[in-house]
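A.B. asks: Could you have a look at this structure, given as structure tokens, before my questions?
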Amino acid sequence: MAQNGPEALAATNNHSFSIVLMDINLGNDSPDGIQVMRQMRQQAQCRSTKFFAVTSYALPEDRQRFLEAGFDDYFAKPIDKDKIHSAILKSLEISTFKV
């Protein structure tokens with residue numbers, strides 16, 4: 001688990017991921033989750049990665065803004081475990097997994 005934008009970017013140098021849960025606010029000294037997601041998408045190993053925005057921005061227009069920014073899905077905090085579980089299953093095109 002990365003604690004900030006630079007750590008998230010560094011993690012993708014060594015690994016590929018099927019799904020990334022990206023918080024939008026990554027701290028004052030870090031780029032925001034939109035910027036980090038866009039940088040990660042430019043890397044060859046992340047081109048097929050699904051990015052889920054995780055945020056406290058919970059207005060209806062916020063969802064649209066994050067989807068238009070390039071996220072594959074959006075979850076407002078507090079996160080509903082069943083909703084994110086279903087989204088992961090759908091995204092990975094599988095029927096079950098254990099956490």
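Here, A, B, ... name the chains of the structure tokens in the order displayed, residue numbers run from 1 inside each chain, and ligands are numbered from 1 in the same displayed order.
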What's the 6 Å shell around region 66-81 of chain A, counting only C-alpha atoms, without same-chain residues fewer than 5 positions away, as an NGL selection string?

C.D. replies: :A and (50-56 or 58)

A.B. asks: Leaving out region 42-45 of chain A and any residue of its chain fewer than 3 positions from it, which residues lie within 7 Å of it when counting only C-alpha atoms, given as JSON, numbers by chain?

C.D. replies: {"A": [16, 38, 39]}

A.B. asks: Give me, as a ChimeraX atom specification, the residues of chain A that a backbone DSSP run labels alpha helix (DSSP H).

C.D. replies: /A:5-14,33-41,60-69,81-92

A.B. asks: Keeping C-alpha atoms for every residue in the selection just given, could you write it to a file as an mmCIF file, in the first residue's frame?

C.D. replies:
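As a result, again-v2.cif now contains:
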```
data_model
loop_
_atom_site.group_PDB
_atom_site.id
_atom_site.type_symbol
_atom_site.label_atom_id
_atom_site.label_comp_id
_atom_site.auth_asym_id
_atom_site.auth_seq_id
_atom_site.Cartn_x
_atom_site.Cartn_y
_atom_site.Cartn_z
ATOM 1 C CA GLY A 5 1.625 9.833 -4.901
ATOM 2 C CA PRO A 6 5.375 9.272 -5.286
ATOM 3 C CA GLU A 7 5.119 5.902 -3.497
ATOM 4 C CA ALA A 8 2.245 4.862 -5.768
ATOM 5 C CA LEU A 9 4.232 5.778 -8.868
ATOM 6 C CA ALA A 10 7.299 3.955 -7.551
ATOM 7 C CA ALA A 11 5.218 0.823 -6.892
ATOM 8 C CA THR A 12 4.257 0.652 -10.558
ATOM 9 C CA ASN A 13 7.917 0.635 -11.561
ATOM 10 C CA ASN A 14 8.249 -2.849 -10.078
ATOM 11 C CA GLY A 33 -5.037 11.280 -7.074
ATOM 12 C CA ILE A 34 -6.134 12.491 -10.510
ATOM 13 C CA GLN A 35 -2.598 13.557 -11.413
ATOM 14 C CA VAL A 36 -1.092 10.326 -10.081
ATOM 15 C CA MET A 37 -3.659 8.181 -11.922
ATOM 16 C CA ARG A 38 -2.894 10.000 -15.182
ATOM 17 C CA GLN A 39 0.859 9.506 -14.724
ATOM 18 C CA MET A 40 0.356 5.835 -13.927
ATOM 19 C CA ARG A 41 -1.832 5.332 -17.019
ATOM 20 C CA PRO A 60 -23.469 13.874 -7.654
ATOM 21 C CA GLU A 61 -21.338 16.138 -9.854
ATOM 22 C CA ASP A 62 -18.169 14.852 -8.144
ATOM 23 C CA ARG A 63 -18.804 11.331 -9.429
ATOM 24 C CA GLN A 64 -19.091 12.627 -12.991
ATOM 25 C CA ARG A 65 -15.965 14.779 -12.602
ATOM 26 C CA PHE A 66 -13.818 11.821 -11.519
ATOM 27 C CA LEU A 67 -15.167 9.514 -14.213
ATOM 28 C CA GLU A 68 -14.496 12.200 -16.831
ATOM 29 C CA ALA A 69 -10.975 12.599 -15.418
ATOM 30 C CA LYS A 81 -17.714 -2.984 1.325
ATOM 31 C CA ASP A 82 -20.352 -4.788 -0.747
ATOM 32 C CA LYS A 83 -20.328 -2.131 -3.473
ATOM 33 C CA ILE A 84 -16.574 -2.170 -3.868
ATOM 34 C CA HIS A 85 -16.543 -5.977 -3.769
ATOM 35 C CA SER A 86 -19.100 -6.072 -6.608
ATOM 36 C CA ALA A 87 -17.146 -3.499 -8.609
ATOM 37 C CA ILE A 88 -13.942 -5.513 -8.277
ATOM 38 C CA LEU A 89 -15.684 -8.711 -9.368
ATOM 39 C CA LYS A 90 -17.225 -6.964 -12.360
ATOM 40 C CA SER A 91 -13.979 -5.249 -13.309
ATOM 41 C CA LEU A 92 -11.957 -8.451 -13.141
#
```

A.B. asks: Report, in Å to a single decimal, how far apart CA of Gly27 (chain A) and CA of Ser48 (chain A) are.

C.D. replies: 26.5 Å

A.B. asks: Using DSSP on the backbone coordinates, identify all residues within chain A classified as strand (DSSP E); present the result as a list in words.

C.D. replies: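 Filtering chain A down to strand (DSSP E) leaves Ile19, Val20, Leu21, Met22, Asp23, Lys50, Phe51, Phe52, Ala53, Val54, Thr55, Asp73, Tyr74, Phe75 and Ala76 of chain A.
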
A.B. asks: Would you export the selected residues with C-alpha atoms as a PDB file, in the first residue's frame, please?

C.D. replies:
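What follows is the written file part_26.pdb:
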```
ATOM      1  CA  ILE A  19      -6.949  -2.581  -9.912  1.00  0.00           C
ATOM      2  CA  VAL A  20      -5.752   0.516  -8.070  1.00  0.00           C
ATOM      3  CA  LEU A  21      -7.858   2.177  -5.373  1.00  0.00           C
ATOM      4  CA  MET A  22      -6.730   5.809  -5.536  1.00  0.00           C
ATOM      5  CA  ASP A  23      -7.615   8.355  -2.892  1.00  0.00           C
ATOM      6  CA  LYS A  50      -8.610  -0.302 -13.605  1.00  0.00           C
ATOM      7  CA  PHE A  51      -8.514   2.809 -11.415  1.00  0.00           C
ATOM      8  CA  PHE A  52     -11.153   3.376  -8.746  1.00  0.00           C
ATOM      9  CA  ALA A  53     -11.416   6.847  -7.176  1.00  0.00           C
ATOM     10  CA  VAL A  54     -11.876   6.798  -3.409  1.00  0.00           C
ATOM     11  CA  THR A  55     -12.850  10.155  -1.968  1.00  0.00           C
ATOM     12  CA  ASP A  73     -15.250   3.767 -11.057  1.00  0.00           C
ATOM     13  CA  TYR A  74     -15.880   6.016  -8.066  1.00  0.00           C
ATOM     14  CA  PHE A  75     -16.528   5.383  -4.372  1.00  0.00           C
ATOM     15  CA  ALA A  76     -17.460   8.059  -1.854  1.00  0.00           C
TER      16      ALA A  76
END
```

A.B. asks: Separation of CA of Ser18 (chain A) and CA of Glu93 (chain A), in Å?

C.D. replies: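 We find that CA of Ser18 (chain A) and CA of Glu93 (chain A) lie 11.2 Å from each other.
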
A.B. asks: What does the distance between CA of Ile24 (chain A) and CA of Leu59 (chain A) come to in Å, to one decimal place?

C.D. replies: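 Result for CA of Ile24 (chain A) versus CA of Leu59 (chain A): 14.2 Å, one decimal.
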